[in-house]
>>> print(open('model.cif').read())   # mmCIF, C-alpha atoms
data_work
#
loop_
_atom_site.group_PDB
_atom_site.id
_atom_site.type_symbol
_atom_site.label_atom_id
_atom_site.label_comp_id
_atom_site.auth_asym_id
_atom_site.auth_seq_id
_atom_site.Cartn_x
_atom_site.Cartn_y
_atom_site.Cartn_z
ATOM 1 C CA MET A 1 -8.872 -19.326 -4.981
ATOM 2 C CA LYS A 2 -7.877 -15.707 -4.570
ATOM 3 C CA VAL A 3 -4.637 -14.409 -3.059
ATOM 4 C CA GLN A 4 -4.560 -10.797 -1.874
ATOM 5 C CA SER A 5 -1.943 -8.582 -0.314
ATOM 6 C CA TYR A 6 -2.583 -7.338 3.236
ATOM 7 C CA LEU A 7 -0.487 -4.312 4.147
ATOM 8 C CA SER A 8 0.182 -3.362 7.760
ATOM 9 C CA PHE A 9 1.019 0.344 7.938
ATOM 10 C CA GLU A 10 1.829 0.249 11.660
ATOM 11 C CA GLY A 11 -0.284 3.229 12.663
ATOM 12 C CA ARG A 12 -0.085 5.128 9.346
ATOM 13 C CA CYS A 13 -2.938 3.497 7.442
ATOM 14 C CA ASP A 14 -5.060 6.641 7.007
ATOM 15 C CA GLU A 15 -2.024 8.508 5.708
ATOM 16 C CA ALA A 16 -1.159 5.655 3.317
ATOM 17 C CA LEU A 17 -4.699 5.414 1.950
ATOM 18 C CA GLY A 18 -4.698 9.159 1.273
ATOM 19 C CA PHE A 19 -1.321 8.899 -0.445
ATOM 20 C CA TYR A 20 -2.473 6.062 -2.731
ATOM 21 C CA ARG A 21 -5.699 7.956 -3.544
ATOM 22 C CA LYS A 22 -3.624 10.889 -4.749
ATOM 23 C CA ALA A 23 -0.768 8.943 -6.384
ATOM 24 C CA LEU A 24 -2.722 6.144 -8.073
ATOM 25 C CA GLY A 25 -6.399 7.026 -7.872
ATOM 26 C CA ALA A 26 -6.998 4.326 -5.245
ATOM 27 C CA GLU A 27 -10.567 3.899 -4.039
ATOM 28 C CA VAL A 28 -11.277 2.814 -0.464
ATOM 29 C CA THR A 29 -14.172 0.362 -0.613
ATOM 30 C CA GLN A 30 -14.251 -0.668 3.043
ATOM 31 C CA LEU A 31 -12.891 0.900 6.228
ATOM 32 C CA MET A 32 -13.491 -0.198 9.808
ATOM 33 C CA ARG A 33 -12.004 1.550 12.808
ATOM 34 C CA TYR A 34 -11.415 -0.053 16.187
ATOM 35 C CA LYS A 35 -14.181 2.091 17.696
ATOM 36 C CA GLU A 36 -16.667 0.313 15.412
ATOM 37 C CA ALA A 37 -15.948 -3.154 16.841
ATOM 38 C CA PRO A 38 -18.594 -4.555 19.176
ATOM 39 C CA ALA A 39 -17.732 -4.414 22.868
ATOM 40 C CA GLY A 40 -15.722 -7.445 23.922
ATOM 41 C CA ALA A 41 -14.789 -8.437 20.358
ATOM 42 C CA PRO A 42 -11.306 -9.944 20.088
ATOM 43 C CA SER A 43 -8.763 -7.634 18.487
ATOM 44 C CA GLU A 44 -5.970 -8.593 16.117
ATOM 45 C CA ASN A 45 -3.811 -6.340 18.312
ATOM 46 C CA ALA A 46 -4.909 -7.738 21.663
ATOM 47 C CA GLU A 47 -1.432 -8.738 22.855
ATOM 48 C CA ALA A 48 1.117 -6.255 21.563
ATOM 49 C CA GLY A 49 -1.335 -3.863 19.988
ATOM 50 C CA CYS A 50 -1.573 -0.163 19.561
ATOM 51 C CA ALA A 51 -0.573 1.922 22.554
ATOM 52 C CA GLY A 52 0.570 -1.070 24.586
ATOM 53 C CA GLY A 53 -2.385 -3.367 24.048
ATOM 54 C CA THR A 54 -5.380 -1.080 23.637
ATOM 55 C CA PRO A 55 -5.795 0.097 20.060
ATOM 56 C CA ASP A 56 -6.536 3.771 19.522
ATOM 57 C CA ALA A 57 -10.247 3.882 18.684
ATOM 58 C CA GLU A 58 -9.564 5.962 15.558
ATOM 59 C CA LYS A 59 -6.964 3.570 14.128
ATOM 60 C CA VAL A 60 -7.857 1.392 11.152
ATOM 61 C CA MET A 61 -8.740 -2.150 12.127
ATOM 62 C CA HIS A 62 -9.338 -3.214 8.518
ATOM 63 C CA ALA A 63 -9.551 -1.536 5.130
ATOM 64 C CA VAL A 64 -10.017 -2.657 1.556
ATOM 65 C CA PHE A 65 -8.887 -0.460 -1.298
ATOM 66 C CA ARG A 66 -8.789 -0.834 -5.037
ATOM 67 C CA ILE A 67 -6.031 0.278 -7.394
ATOM 68 C CA GLY A 68 -7.209 -0.302 -10.934
ATOM 69 C CA GLU A 69 -8.407 -3.901 -11.085
ATOM 70 C CA THR A 70 -6.566 -4.977 -7.930
ATOM 71 C CA GLU A 71 -8.019 -5.119 -4.450
ATOM 72 C CA LEU A 72 -5.645 -4.758 -1.502
ATOM 73 C CA MET A 73 -6.302 -4.946 2.228
ATOM 74 C CA ALA A 74 -4.664 -2.866 4.940
ATOM 75 C CA SER A 75 -4.722 -1.940 8.608
ATOM 76 C CA ASP A 76 -2.775 -0.038 11.226
ATOM 77 C CA GLY A 77 -1.360 -3.361 12.419
ATOM 78 C CA ARG A 78 0.377 -3.131 15.777
ATOM 79 C CA CYS A 79 0.948 0.634 15.462
ATOM 80 C CA SER A 80 4.709 0.431 15.911
ATOM 81 C CA GLY A 81 5.123 3.437 13.622
ATOM 82 C CA GLN A 82 7.630 1.551 11.478
ATOM 83 C CA PRO A 83 6.044 -0.463 8.659
ATOM 84 C CA LYS A 84 8.322 -3.151 7.211
ATOM 85 C CA PHE A 85 7.624 -4.622 3.804
ATOM 86 C CA GLU A 86 10.792 -6.613 3.287
ATOM 87 C CA GLY A 87 11.075 -9.210 0.550
ATOM 88 C CA VAL A 88 7.821 -8.234 -1.185
ATOM 89 C CA MET A 89 7.073 -5.765 -3.979
ATOM 90 C CA LEU A 90 3.846 -4.783 -5.655
ATOM 91 C CA ALA A 91 4.046 -4.804 -9.454
ATOM 92 C CA LEU A 92 2.176 -2.067 -11.283
ATOM 93 C CA THR A 93 1.614 -2.426 -15.032
ATOM 94 C CA ALA A 94 0.994 0.751 -17.003
ATOM 95 C CA SER A 95 -0.581 0.924 -20.452
ATOM 96 C CA THR A 96 1.666 3.747 -21.680
ATOM 97 C CA ASP A 97 5.049 5.297 -20.957
ATOM 98 C CA ALA A 98 3.322 8.503 -19.814
ATOM 99 C CA GLU A 99 1.185 6.570 -17.335
ATOM 100 C CA ALA A 100 4.273 4.775 -15.974
ATOM 101 C CA VAL A 101 6.122 8.081 -15.514
ATOM 102 C CA LYS A 102 3.111 9.668 -13.764
ATOM 103 C CA TRP A 103 2.702 6.770 -11.328
ATOM 104 C CA PHE A 104 6.430 6.327 -10.744
ATOM 105 C CA ASP A 105 6.944 10.003 -9.936
ATOM 106 C CA ALA A 106 3.908 10.068 -7.623
ATOM 107 C CA LEU A 107 4.981 6.939 -5.713
ATOM 108 C CA ALA A 108 8.592 8.120 -5.480
ATOM 109 C CA GLU A 109 7.591 11.332 -3.654
ATOM 110 C CA GLY A 110 9.123 10.937 -0.204
ATOM 111 C CA GLY A 111 10.361 7.441 -1.087
ATOM 112 C CA GLN A 112 13.554 5.957 -2.492
ATOM 113 C CA VAL A 113 14.192 5.107 -6.140
ATOM 114 C CA MET A 114 16.087 1.834 -6.544
ATOM 115 C CA GLN A 115 15.952 1.711 -10.357
ATOM 116 C CA PRO A 116 14.915 4.813 -12.316
ATOM 117 C CA LEU A 117 12.437 4.280 -15.137
ATOM 118 C CA ILE A 118 14.447 3.181 -18.162
ATOM 119 C CA PRO A 119 13.849 1.377 -21.432
ATOM 120 C CA THR A 120 14.917 -2.274 -21.338
ATOM 121 C CA PHE A 121 14.979 -5.198 -23.738
ATOM 122 C CA PHE A 122 11.620 -6.375 -22.382
ATOM 123 C CA THR A 123 9.663 -3.107 -22.112
ATOM 124 C CA SER A 124 9.730 0.579 -22.995
ATOM 125 C CA LYS A 125 9.814 1.596 -19.296
ATOM 126 C CA PHE A 126 10.857 -0.307 -16.176
ATOM 127 C CA GLY A 127 11.657 0.970 -12.695
ATOM 128 C CA MET A 128 11.652 0.065 -8.999
ATOM 129 C CA LEU A 129 11.179 2.144 -5.881
ATOM 130 C CA THR A 130 10.186 2.065 -2.258
ATOM 131 C CA ASP A 131 7.464 4.555 -1.357
ATOM 132 C CA ARG A 132 7.386 6.710 1.782
ATOM 133 C CA PHE A 133 5.785 3.859 3.752
ATOM 134 C CA GLY A 134 8.405 1.290 2.768
ATOM 135 C CA VAL A 135 6.212 -0.530 0.227
ATOM 136 C CA GLY A 136 8.283 -1.739 -2.709
ATOM 137 C CA TRP A 137 6.918 -1.081 -6.201
ATOM 138 C CA LEU A 138 7.993 -2.439 -9.557
ATOM 139 C CA LEU A 139 6.594 -0.471 -12.517
ATOM 140 C CA VAL A 140 6.531 -1.789 -16.051
ATOM 141 C CA VAL A 141 4.772 -0.819 -19.276
ATOM 142 C CA ALA A 142 2.729 -3.614 -20.825
ATOM 143 C CA GLN A 143 4.005 -4.645 -24.214
ATOM 144 C CA PRO A 144 1.644 -5.521 -27.048
ATOM 145 C CA ALA A 145 1.159 -9.255 -27.549
#
>>> encode(input="model.cif", output="structure tokens")
Amino acid sequence: MKVQSYLSFEGRCDEALGFYRKALGAEVTQLMRYKEAPAGAPSENAEAGCAGGTPDAEKVMHAVFRIGETELMASDGRCSGQPKFEGVMLALTASTDAEAVKWFDALAEGGQVMQPLIPTFFTSKFGMLTDRFGVGWLLVVAQPA
């Protein structure tokens, strides 16, 4: 069994994918736009979808992207313009303090820091933030076994 995160960026998926490419070196491995769907195919946004029921042809119907060893999925969702990622955070484990600082600073650009990166009893660096899209991130440096 495999459990994956599916992020709905509510009309900002292209922007988010570009941000994660720059901030974390994300690689988009699959991207399908609404215009690529066969005529008459059911849409995930058929009822309340983009632009009042008809998705913008250029919006992202489905994407898969990789950050390190992790594969995430994403779309433009219902294109409300207001993504909400409440009650969920993505945990990012760095190998070094320098890597944690680099990623934390990149993700924090335009976002909100909840816990600055600090040393704790369980790791050399730990911090939490919400990025510019509202995705919560927890960053930690892996400790040697």
>>> atom_distance(input="model.cif", atom1="CA of Ala108 in chain A", atom2="CA of Gly11 in chain A")
20.8 Å
>>> residues_around(input="model.cif", residues="range 110-116 of chain A", least_positions_apart="6", cutoff="6 Å", atoms="only C-alpha atoms", output="list in words")
Gly127, Met128, Leu129, Thr130, Asp131 and Arg132 of chain A
>>> atom_distance(input="model.cif", atom1="CA of Phe85 in chain A", atom2="CA of Gly136 in chain A")
7.2 Å
>>> resolve_selection(input="model.cif", expression="the PyMOL selection byres ((chain A and resi 97) around 7)", output="list of chain:residue names")
A:Thr96, A:Ala98, A:Glu99, A:Ala100, A:Val101, A:Ser124, A:Lys125, A:Val141
>>> atom_distance(input="model.cif", atom1="CA of Glu36 in chain A", atom2="CA of Lys2 in chain A")
27.1 Å
>>> resolve_selection(input="model.cif", expression="the PyMOL selection byres ((chain A and resi 68-81) around 7)", output="ChimeraX atom specification")
/A:4-13,45,48-50,59-67,82-83
>>> write_last_selection(input="model.cif", atoms="C-alpha atoms", output="PDB file, in the frame of the given file")
ATOM      1  CA  GLN A   4      -4.560 -10.797  -1.874  1.00  0.00           C
ATOM      2  CA  SER A   5      -1.943  -8.582  -0.314  1.00  0.00           C
ATOM      3  CA  TYR A   6      -2.583  -7.338   3.236  1.00  0.00           C
ATOM      4  CA  LEU A   7      -0.487  -4.312   4.147  1.00  0.00           C
ATOM      5  CA  SER A   8       0.182  -3.362   7.760  1.00  0.00           C
ATOM      6  CA  PHE A   9       1.019   0.344   7.938  1.00  0.00           C
ATOM      7  CA  GLU A  10       1.829   0.249  11.660  1.00  0.00           C
ATOM      8  CA  GLY A  11      -0.284   3.229  12.663  1.00  0.00           C
ATOM      9  CA  ARG A  12      -0.085   5.128   9.346  1.00  0.00           C
ATOM     10  CA  CYS A  13      -2.938   3.497   7.442  1.00  0.00           C
ATOM     11  CA  ASN A  45      -3.811  -6.340  18.312  1.00  0.00           C
ATOM     12  CA  ALA A  48       1.117  -6.255  21.563  1.00  0.00           C
ATOM     13  CA  GLY A  49      -1.335  -3.863  19.988  1.00  0.00           C
ATOM     14  CA  CYS A  50      -1.573  -0.163  19.561  1.00  0.00           C
ATOM     15  CA  LYS A  59      -6.964   3.570  14.128  1.00  0.00           C
ATOM     16  CA  VAL A  60      -7.857   1.392  11.152  1.00  0.00           C
ATOM     17  CA  MET A  61      -8.740  -2.150  12.127  1.00  0.00           C
ATOM     18  CA  HIS A  62      -9.338  -3.214   8.518  1.00  0.00           C
ATOM     19  CA  ALA A  63      -9.551  -1.536   5.130  1.00  0.00           C
ATOM     20  CA  VAL A  64     -10.017  -2.657   1.556  1.00  0.00           C
ATOM     21  CA  PHE A  65      -8.887  -0.460  -1.298  1.00  0.00           C
ATOM     22  CA  ARG A  66      -8.789  -0.834  -5.037  1.00  0.00           C
ATOM     23  CA  ILE A  67      -6.031   0.278  -7.394  1.00  0.00           C
ATOM     24  CA  GLN A  82       7.630   1.551  11.478  1.00  0.00           C
ATOM     25  CA  PRO A  83       6.044  -0.463   8.659  1.00  0.00           C
TER      26      PRO A  83
END
>>> axis_aligned_box(input="model.cif", around="range 34-37 of chain A", padding_each_side="6 Å", output="JSON")
{"center_x": -14.0, "center_y": -0.5, "center_z": 16.6, "size_x": 17.3, "size_y": 17.2, "size_z": 14.3}
>>> resolve_selection(input="model.cif", expression="the PyMOL selection byres ((chain A and resi 86) around 9)", output="list of chain:residue names")
A:Lys84, A:Phe85, A:Gly87, A:Val88, A:Met89, A:Gly134, A:Val135, A:Gly136
>>> residues_around(input="model.cif", residues="Leu139 in chain A", least_positions_apart="6", cutoff="6 Å", atoms="only C-alpha atoms", output="VMD selection string")
chain A and resid 91 to 93 126 to 127
>>> closest_residue(input="model.cif", among="A:Leu107, A:Ala142, A:Ile118, A:Ala57", to="Lys22 in chain A", atoms="only C-alpha atoms")
A:Leu107
>>> residues_around(input="model.cif", residues="Ala23 in chain A", least_positions_apart="6", cutoff="10 Å", atoms="all atoms listed in the file", output="JSON, numbers by chain")
{"A": [17, 102, 103, 104, 105, 106, 107, 108, 109]}
>>> write_last_selection(input="model.cif", atoms="C-alpha atoms", output="PDB file, in the frame of the given file")
ATOM      1  CA  LEU A  17      -4.699   5.414   1.950  1.00  0.00           C
ATOM      2  CA  LYS A 102       3.111   9.668 -13.764  1.00  0.00           C
ATOM      3  CA  TRP A 103       2.702   6.770 -11.328  1.00  0.00           C
ATOM      4  CA  PHE A 104       6.430   6.327 -10.744  1.00  0.00           C
ATOM      5  CA  ASP A 105       6.944  10.003  -9.936  1.00  0.00           C
ATOM      6  CA  ALA A 106       3.908  10.068  -7.623  1.00  0.00           C
ATOM      7  CA  LEU A 107       4.981   6.939  -5.713  1.00  0.00           C
ATOM      8  CA  ALA A 108       8.592   8.120  -5.480  1.00  0.00           C
ATOM      9  CA  GLU A 109       7.591  11.332  -3.654  1.00  0.00           C
TER      10      GLU A 109
END
>>> closest_residue(input="model.cif", among="A:Ala94, A:Glu58, A:Met1, A:Phe121", to="Leu24 in chain A", atoms="all atoms listed in the file")
A:Ala94
